[in-house]
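Trainee: This structure is in structure tokens; I'll ask about it shortly.
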Amino acid sequence: MQTMQTRKIPFRRKLRLGLNHFVYSLRHARLSTVIILIFLTVIALISLLPIVYVICNAFKPLEELFVYPPQFFVRNPTMQNFTDFMYAADVSTVPFSRYLFNSVTVTLVTTALAIVFSLCCAYAFSKLKFPGQKGLFQMITVALMFSPEAVVITRYLIVNSLNIIDTFWAHILPHLALPMGVFLIKQFMDQVPGSLCEAAKIDGANEIRILWSIITPAVLPAVGAVLIIAFQNVWGDMTTSTLYTVSESMKTLPYFVSSLTSGLTASSVARKGATAAAGLLMLLPNFIIFAVLQKSMIETMVTSGIK
Amino acid sequence: MLKNWNYERKQKMVGFSFIVPWLIGFGVFTAFPLLYCLYMALNKVNFVTDHLEMTWLGLDNFNKALYEDAEIPNKLLQTFQQSLLIVPLIVVFALIMALMLNSKFPGRAFYRAVFFLPVMLTCGNLISTLTSQGQGSISVLQSGTAAALVAGIGGSLGETLKVVLDNFLVILWYSGVQMLLLIAGMQSINPSTYEAARIDGAGQWEILWTITLPGLMPFIFICVIYTIVDQFTASFNPILEVITHHSINISTGYGYASAIAWLYFLVILLVLLVVILIFRKSLGLTVQRKEKRA
């Protein structure tokens with residue numbers, strides 16, 4: 001039985017094989033390929049700079065953080081910032097874990113729901129027919145242009161009249177309808193041939209089944225992009241915390257991080273280091289999503305090319 | 001006959017039920033605030049302890065913004081010019097990068113992952129909120145990065161390098177999602193078309209202009225729209241700062257801020273209409289071609 005299964009190759013061996021292959025193909029590469037590689041390497045390095053900057057910042061001692069002009073690399077790396085951050089988290093009025101819990105819950109629920117809603121809506125616009133379809137889609141395209149900053153106060157009035165101030169709903173609901181999500185996914189769905197859906201319908205699949213097992217896999221890259229946009233919308237957002245919630249136990253992480261340095265007291269200056277450390281820690285979920293999405297997105301890209 | 005009609009009606013209801021959840025959220029938190037905002041723009045709004053006091057002004061707020069406030073037309077024009085320059089740059093850059101990442105070369109998967117990482121970390125408002133707490137504004141981080149890097153070079157060469165690097169970082173930061181969309185778009189072009197072209201003796205250059213680019217048109221269109229929206233609604237935009245400033249300012253009031261917001265909205269709409277007009281032809285063309293093929 002064992003011979004039937006493919007043997008798992010250990011990671012180190014895999015890495016060595018990959019590197020060997022890389023070196024081999026480099027030796028036999030054409031000049032144009034080498035130029036592309038050099039160009040891409042330079043650009044990749046530059047685009048990674050801000051990340052390196054944030055990482056360096058987190059390890060800078062206080063006096064280096066206040067140096068002008070700001071230094072790029074850290075000279076004397078220290079863990080002091082993280083200790084400061086732990087201390088600040090310890091003495092906060094509401095336990096730090098509460099902020100974390102709020103943030104994680106809100107982000108997970110909002111991102112998941114936003115994607116599902118966008119998918120359903122885009123599917124209806126792209127593959128189904130209903131009255132007022134064209135007009136509604138034009139309305140969405142127009143709504144893309146309006147930035148949330150401009151309607152902050154009217155949104156507050158609505159949240160207030162819905163009686164959801166100081167609840168999780170106040171964090172979640174305003175972010176759910178993402179015009180960009182519908183727009184992106186719909187444009188990708190338009191490229192999927194309608195005959196695929198018809199074939200599935202003849203085979204007896206209902207609309208939900210068609211959407212889930214035929215259309216969604218075909219537009220995964222767009223879903224990935226929407227996931228990124230929705231996640232970043234929610235995770236870094238402070239407006240819902242500052243405006244729609246009152247009690248400290250309903251606020252989210254970005255609010256906590258910004259409250260570290262609010263005011264110009266001696267402690268807030270000293271906490272600048274803690275903020276720098278928090279900046280890096282706030283990026284952790286992004287790294288996790290990257291690790292999860294990276295493989296699947298690149299693979300779908302490759303497989304969808306082989307039709 | 002009746003049965004047929006019923007089926008059609010049922011289909012319509014199914015279609016409608018798919019958009020209802022989204023539509024409710026959209027109506028309550030985007031469409032309604034927008035219209036309410038327009039109503040406020042026509043009023044002078046005062047916040048009294050528990051409700052809003054409105055006095056009808058008509059178009060006064062708009063007149064004031066356009067003719068009396070020197071700052072507003074100026075800032076509108078400035079934002080418009082900036083975006084006019086940066087949007088094509090971003091899209092073309094993303095297109096070139098996507099073309100490169102899509103060509104065959106050793107270590108392609110690795111490079112794609114490397115370019116995917118900044119998409120995950122830097123586009124969107126997370127970094128800008130972080131930097132606004134720690135480092136002032138987003139531009140300080142950019143020029144800080146650039147300045148620190150070229151500090152060793154000095155002289156006029158260092159100065160030029162700094163400017164180039166400065167703008168380059170902006171373009172790089174805001175072209176991540178576009179790259180992703182374009183690569184996905186390229187995968188949707190049928191490989192057999194390329195094969196046929198190659199057999200017919202087409203060179204790389206001809207293939208790029210006659211197959212890849214026309215096939216990509218719908219995706220380039222998406223990218224242009226995305227870039228415009230991204231640029232115009234970024235929270236560090238000068239005009240949005242004015243709007244936020246006026247919405248807390250009691251003497252000018254929220255009505256005035258709403259009027260500016262709507263003016264700005266109209267400017268973006270104008271840009272969008274121009275883009276749609278430009279792309280209408282090429283989008284129509286690709287659709288026709290597909291129909292012919294089918």
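In the structure tokens, chains take letters A, B, ... by order of appearance, with residues numbered from 1 within each chain and ligands from 1 in the order shown.
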Pick out the residues sitting within 12 Å of Thr216 (chain A), and hand them over as a list in words; count only C-alpha atoms, and ignore anything fewer than 2 positions along from it in its own chain.
Mentor: Ile115, Val116, Ser118, Leu119, Cys120, Ala122, Tyr123, Ile185, Lys186, Phe188, Met189, Val192, Cys197, Ile208, Arg209, Ile210, Leu211, Trp212, Ser213, Ile214, Ala218, Val219, Leu220, Pro221, Ala222, Val223, Gly224 and Thr300 of chain A
Trainee: When distances are computed from only C-alpha atoms, which of B:Trp262, B:Val14, B:Ile24, B:Pro88 shows the smallest separation from Glu207 (chain A)?
Mentor: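 Closest residue, counting only C-alpha atoms: B:Val14.
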Trainee: From the set A:Phe82, A:Phe22, A:Tyr255, A:Phe66, which residue has the shortest atom-to-atom contact distance to chain B, counting only C-alpha atoms?
Mentor: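 Comparing A:Phe82, A:Phe22, A:Tyr255, A:Phe66 against chain B, the winner is A:Phe22.
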Trainee: Using only C-alpha atoms, pick whichever of B:Val242, B:Ile260, B:Met13, B:Ile222 has the shortest atom-to-atom distance to Leu66 (chain B).
Mentor: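 So, comparing all the options, the nearest one is B:Ile260.
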Trainee: Please compute the CA of Tyr7 (chain B)-CA of Gly204 (chain A) distance, one decimal, in Å.
Mentor: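 Between these atoms lies a distance of 15.6 Å.
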Trainee: Hey, what's within 9 Å of region 97-102 of chain B if we count only C-alpha atoms and toss same-chain stuff fewer than 4 positions away? As a ChimeraX atom specification, please?
Mentor: /A:36,40 /B:92-93,108-109,111-112,178-183,186-187
Trainee: Write down as a VMD selection string the residues of region 198-282 of chain B whose backbone DSSP state falls under alpha helix (DSSP H).
Mentor: chain B and resid 198 to 199 204 to 207 213 to 233 238 to 248 253 to 282
Trainee: Applying 10 Å and only C-alpha atoms, which residues near Ile171 (chain B) remain after dropping the ones on its own chain fewer than 5 positions away? List them as a PyMOL selection string.
Mentor: (chain A and resi 47) or (chain B and resi 86-87+89-91+93-94+165-166+176)
Trainee: Compare B:Ala65, B:Leu117, B:Leu272, B:Ile220 by their minimum atom-to-atom distance to Asn286 (chain A), counting only C-alpha atoms, and give me the closest one.
Mentor: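 That would be B:Leu117, the residue with the smallest distance to Asn286 (chain A).
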Trainee: Pick out the closest residue to Asn102 (chain A) from this set: A:Ile46, A:Met180, A:Ala170, A:Ala58. Count only C-alpha atoms.
Mentor: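 Going through A:Ile46, A:Met180, A:Ala170, A:Ala58 one by one, the smallest distance to Asn102 (chain A) is for A:Ala170.
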Trainee: Quick one: residues within 9 Å of region 136-146 of chain A, only C-alpha atoms counted, chain neighbours fewer than 5 positions away excluded, as a PyMOL selection string?
Mentor: (chain A and resi 125+151+178-180+182-183) or (chain B and resi 26+30-31+34+226+228-230+232-233+261-262+264-265+268-269+272)
Trainee: With C-alpha atoms retained, write the just-selected residues as an mmCIF file, in the first residue's frame.
Mentor:
```cif
data_model
loop_
_atom_site.group_PDB
_atom_site.id
_atom_site.type_symbol
_atom_site.label_atom_id
_atom_site.label_comp_id
_atom_site.auth_asym_id
_atom_site.auth_seq_id
_atom_site.Cartn_x
_atom_site.Cartn_y
_atom_site.Cartn_z
ATOM 1 C CA PHE A 125 -25.504 41.422 -11.338
ATOM 2 C CA VAL A 151 -20.293 60.844 5.503
ATOM 3 C CA LEU A 178 -18.379 47.199 0.082
ATOM 4 C CA PRO A 179 -19.087 48.818 -3.318
ATOM 5 C CA MET A 180 -15.518 48.026 -4.413
ATOM 6 C CA VAL A 182 -19.119 44.022 -5.764
ATOM 7 C CA PHE A 183 -17.511 45.980 -8.565
ATOM 8 C CA PHE B 26 -25.571 49.716 1.033
ATOM 9 C CA THR B 30 -23.856 54.501 1.983
ATOM 10 C CA ALA B 31 -26.745 55.628 -0.224
ATOM 11 C CA LEU B 34 -25.020 60.393 0.712
ATOM 12 C CA TYR B 226 -9.684 51.127 -8.758
ATOM 13 C CA ILE B 228 -8.806 56.566 -9.306
ATOM 14 C CA VAL B 229 -10.972 55.593 -6.352
ATOM 15 C CA ASP B 230 -7.952 54.635 -4.280
ATOM 16 C CA PHE B 232 -9.173 60.214 -4.603
ATOM 17 C CA THR B 233 -10.487 58.694 -1.402
ATOM 18 C CA ALA B 261 -17.811 66.885 -0.196
ATOM 19 C CA TRP B 262 -20.447 66.960 -2.917
ATOM 20 C CA TYR B 264 -15.469 66.902 -4.727
ATOM 21 C CA PHE B 265 -17.755 63.999 -5.518
ATOM 22 C CA ILE B 268 -14.391 62.567 -9.311
ATOM 23 C CA LEU B 269 -17.541 61.667 -11.205
ATOM 24 C CA LEU B 272 -14.807 58.698 -14.064
#
```
Trainee: For region 43-46 of chain B, please output as a PDB file with C-alpha atoms, in the first residue's frame all residues within 8 Å (counting only C-alpha atoms; exclusion window: fewer than 4 positions along the same chain).
Mentor:
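Below is the file around-v6.pdb, written as the result:
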```pdb
ATOM      1  CA  TYR B  39     -29.736  67.719   2.011  1.00  0.00           C
ATOM      2  CA  LEU B  52     -29.770  68.857  14.631  1.00  0.00           C
ATOM      3  CA  GLU B  53     -31.010  72.319  13.856  1.00  0.00           C
ATOM      4  CA  MET B  54     -31.335  73.058  10.159  1.00  0.00           C
ATOM      5  CA  THR B  55     -31.842  76.403   8.477  1.00  0.00           C
ATOM      6  CA  TRP B  56     -32.548  76.330   4.765  1.00  0.00           C
ATOM      7  CA  LEU B  57     -29.857  78.072   2.733  1.00  0.00           C
ATOM      8  CA  GLY B  58     -30.400  76.779  -0.778  1.00  0.00           C
ATOM      9  CA  ASN B  61     -22.970  76.740   0.726  1.00  0.00           C
ATOM     10  CA  ILE B 250     -18.720  75.205  14.437  1.00  0.00           C
ATOM     11  CA  GLY B 253     -20.647  73.940  10.144  1.00  0.00           C
ATOM     12  CA  TYR B 254     -21.340  70.503   8.815  1.00  0.00           C
ATOM     13  CA  GLY B 255     -23.561  71.802   6.011  1.00  0.00           C
ATOM     14  CA  TYR B 256     -20.610  73.581   4.462  1.00  0.00           C
TER      15      TYR B 256
END
```
Trainee: Which one of B:Ile72, B:Ile19, B:Ile239, B:Leu95 sits closest to chain A if you count only C-alpha atoms?
Mentor: B:Ile19
Trainee: Pick out the residues sitting within 9 Å of Pro106 (chain B), and hand them over as a list in words; count only C-alpha atoms, and ignore anything fewer than 5 positions along from it in its own chain.
Mentor: His21, Phe22, Val23, Ser25, Leu26, Ala29, Thr33 and Leu37 of chain A
Trainee: Please save C-alpha atoms of the selected residues as a JSON list (two decimals), in the first residue's frame.
Mentor:
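So the final result, stored in part_15.json, reads:
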```json
[["chain", "number", "residue", "atom", "x", "y", "z"],
["A", 21, "HIS", "CA", 16.94, 23.86, -10.35],
["A", 22, "PHE", "CA", 17.08, 27.64, -9.98],
["A", 23, "VAL", "CA", 20.86, 27.77, -10.46],
["A", 25, "SER", "CA", 18.01, 27.41, -15.19],
["A", 26, "LEU", "CA", 19.91, 30.62, -14.45],
["A", 29, "ALA", "CA", 18.82, 31.56, -19.17],
["A", 33, "THR", "CA", 15.47, 36.72, -18.59],
["A", 37, "LEU", "CA", 15.38, 39.06, -12.95]]
```
